[in-house]
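Below is one structure, written out as structure tokens; the observations come after it.
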Amino acid sequence: MEQREITGIGAPHPQQAEMPFAMVQGEVLSTMPRDLYIPPDALEVFLDAFEGPLDLLLYLIKRQNLDILNIPVAQITTQYMEYVELMKELRLELAGEYLLMAAMLAEIKSRMLLPRVSSDESDEHDPRAELIRRLQEYERYKQAAEDLDALPQQGRDTFPLEIEAPDRIIEKRQPDLSMQELLLSFKDVLQRADMFSNLHIKMEPLSVRERMSIVLDRVNSDTFTAFTRLFDYTEGRAGVVVTFLAILELIKGALLELVQTEPYGPIHVKAASSST
Amino acid sequence: MPTEQRLKSIIEAALLAAGKPLTLDELLALFDVTDLPERQAVRAALQALAEEYQGRGIELLEVASGFRIQVRSEFAPWISRLWAERPARYSRALMETLALIAYRQPITRGEIEEVRGVSVSTNIIKTLLEREWVRVVGHRDVPGKPSLYATTKGFLDYFNLKSLSELPTLAEIRDLDTINQELDLELPGITAGASHEPAAVDSESKPPP
Amino acid sequence: MPTEQRLKSIIEAALLAAGKPLTLDELLALFDVTDLPERQAVRAALQALAEEYQGRGIELLEVASGFRIQVRSEFAPWISRLWAERPARYSRALMETLALIAYRQPITRGEIEEVRGVSVSTNIIKTLLEREWVRVVGHRDVPGKPSLYATTKGFLDYFNLKSLSELPTLAEIRDLDTINQELDLELPGITAGASHEPAAVDSESKPPP
């Protein structure tokens, strides 16, 4: 996007001839009235076209091809006041904003008519400055609104697409679970258990618990497994100890049966529940 | 990993079937973990599709909420005949309000009114909120705690933008020093060319009935 | 009359945007009378498009109510994921049950109920088994031969643990009032203070297929 600058209003914008501005008693008004005179019936429509006093002022300035930075306040004020008078005459419901602007213009005009003190000329605040600032500020957003409207819009200029996908297989996604949630809920269980019972949960180190599951998984209730095969010597001493503790724990829980047929003979293991 | 052609086919089919823009992550989520393409491959496939659509009636572009395939605007005259209804046109008051929210967000209703010089109707704010182009992002800490408005991703999507930085550049205001220098305090001002055609600007921008 | 390429572009865009099948007449109605293509040319364009879609994710076909572009059924597995339901959340009861299985394995349902003080629904156990986070490793030798549950390798993988010993110890859990914050910082390597066991231990603990 190129940088634009609000300067005066230069050449008039290209006219869109076929777009009637308003219909007044069956008559097409395709341009804004050239002079101040507006058919009274059209005034309401005319004013409707403006987005407020700043918009009306911009129009008055543009109509005369004037530089926004160099508003002939007296002239513009006169025109503006005449519109406001017309509105009053027609007893149109006058928005307060138009009157407020009229007051502001009148004030600027009166101040500019006063003789200036030449000594501090440079310090003197130009009474038009605020008006110019507001006009510029409004004009840039008025322009921005037009630029925005000119962007391609979905449904007006570009169109969304949607085609059929046959055989929608709706897949059920598994919920996620964080370790945090898991531990927090476990903490609650522990607290409840402490509170409600004498059941003091004492636990073996988790490595042993885990190994208990692994050992149980390896043994069978129908056939015996060699005791020595439950150990993996490559794990080293610590691993072997964990396995041994797990086996003792399982025996204590009556989950494993140990069988030795003769002294010093091989020990065999099987899951306890076969003894039915 | 799926082959290049297959990856392109899946992405194309997904974008066409989704009915909404899809992000890169959403596209990746279509694949099984065991068959997951590289992010880079998905990007490349999107690029390749965009190129294939050159010279066709559709285009692939990235908007705020993801990638989208859509009908090119130059084909709007034909495609809009599919629907009897004309697309909604928005009033100047609404567009100016929207522009102020877009360029000056977060902004209160009072601040919008200050710039526009007129009050902003409740209906306009309601419409903008309902269309989900605008949302309340907070409240200014002044008496009355007025709502602060900002634009949404939906706004960007609607105007085919990826981010706010793609908005048309806002015209610059000449600073007051320049103005002061240029101000000719002599009255009356230049009236040369005063009898020009009334600017067409307003006749074009008449609000819709 | 539009050129062949342009005709094809318009028809493609219309079929993709319409959201329903379009008949030949409906396609012709898109054009201005001054620019109306021949019926035969529209047919040819449809034919050409159908051929272009060979080997792609979409297909053009004629159904009872007209012509339609749709996703090829072979791509349904990917495209269906667009509408995959958002995952639900697990109940507290399920999380408590899972935690007890993790910490007190091998454990029966009765033992879980004893600690939790409430009964454990069959559904919870079923869900945990289906998710393959839990498996039956044996049966306790008491009347009814209740199943003994233990966690799987899949459970460890899901939580990025090498072995159960990486879970916080019971004492740590009881002490941690600020478990939230600390876990935020430390997960998944919750090992601060937890006794380390030989790492190789788990390589054997394969979950059942």
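Following the order of the structure tokens, chains are lettered A, B, ..., residues in each are numbered from 1, and ligands are numbered from 1.
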Using DSSP secondary structure from the backbone, list all alpha helix (DSSP H) positions within segment 53-258 of chain A, as number ranges by chain.
A: 53-63, 73-89, 96-113, 129-150, 179-196, 206-218, 236-252
Per-residue DSSP, segment 113-158 of chain C, filtered to strand (DSSP E or B), as a ChimeraX atom specification:
/C:134-139,147-151
Please check the contacts: residues of chain C at most 6 Å away from chain B, using only C-alpha atoms, listed as a ChimeraX atom specification.
/C:9-10,13-14,30,56-57,71,78-79,81
Residues within 6 Å of Lys109 of chain A, please, as an MDAnalysis selection string. Count only C-alpha atoms; anything in the same chain fewer than 3 positions from it doesn't count.
chainID A and resid 74 106 112
Would you save the residues of that selection, restricted to N, CA, C and O atoms, as a short mmCIF file (atom, residue, chain, number, x, y, z; two decimals), in the first residue's frame?
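Okay, this is what ended up in result15.cif:
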```cif
data_model
loop_
_atom_site.label_atom_id
_atom_site.label_comp_id
_atom_site.auth_asym_id
_atom_site.auth_seq_id
_atom_site.Cartn_x
_atom_site.Cartn_y
_atom_site.Cartn_z
N ALA A 74 -14.86 32.11 7.11
CA ALA A 74 -16.04 32.96 7.00
C ALA A 74 -17.02 32.37 6.00
O ALA A 74 -18.21 32.19 6.28
N ALA A 106 -18.75 29.54 14.51
CA ALA A 106 -19.02 30.95 14.82
C ALA A 106 -17.91 31.51 15.69
O ALA A 106 -17.46 32.66 15.51
N MET A 112 -11.16 35.18 14.43
CA MET A 112 -10.31 35.55 13.30
C MET A 112 -10.57 36.97 12.84
O MET A 112 -9.75 37.57 12.16
#
```
Within 7 Å of chain A, which residues of chain C show up when using only C-alpha atoms, listed as a count of residues only?
46
Under the rule that only C-alpha atoms are counted, which of B:Leu98, B:Ile124, B:Ile107, B:Ile112 is the nearest residue to Glu146 of chain A?
B:Leu98
What lies within 8 Å of Phe67 of chain B using only C-alpha atoms, ignoring chain neighbours under 6 positions off, as a ChimeraX atom specification?
/B:15,21-24,60-61
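Here atom CA of Val120 of chain B stands at a distance of 26.2 Å from atom CA of Glu89 of chain A.
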Could you please determine the separation between atom CA of Ala145 of chain A and atom CA of Thr169 of chain B in Å, to one decimal place?
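Computing it gives 11.5 Å between the two atoms.
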Counting only C-alpha atoms, which of B:Tyr149, B:Glu111, B:Val142, B:Lys20 gets nearest to Val63 of chain B?
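Of the candidates, the smallest distance to Val63 of chain B is held by B:Lys20.
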Could you check how far atom CA of Glu113 of chain C sits from atom CA of Ile247 of chain A, in Å to one decimal?
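Computing the Euclidean distance for atom CA of Glu113 of chain C and atom CA of Ile247 of chain A yields 24.9 Å.
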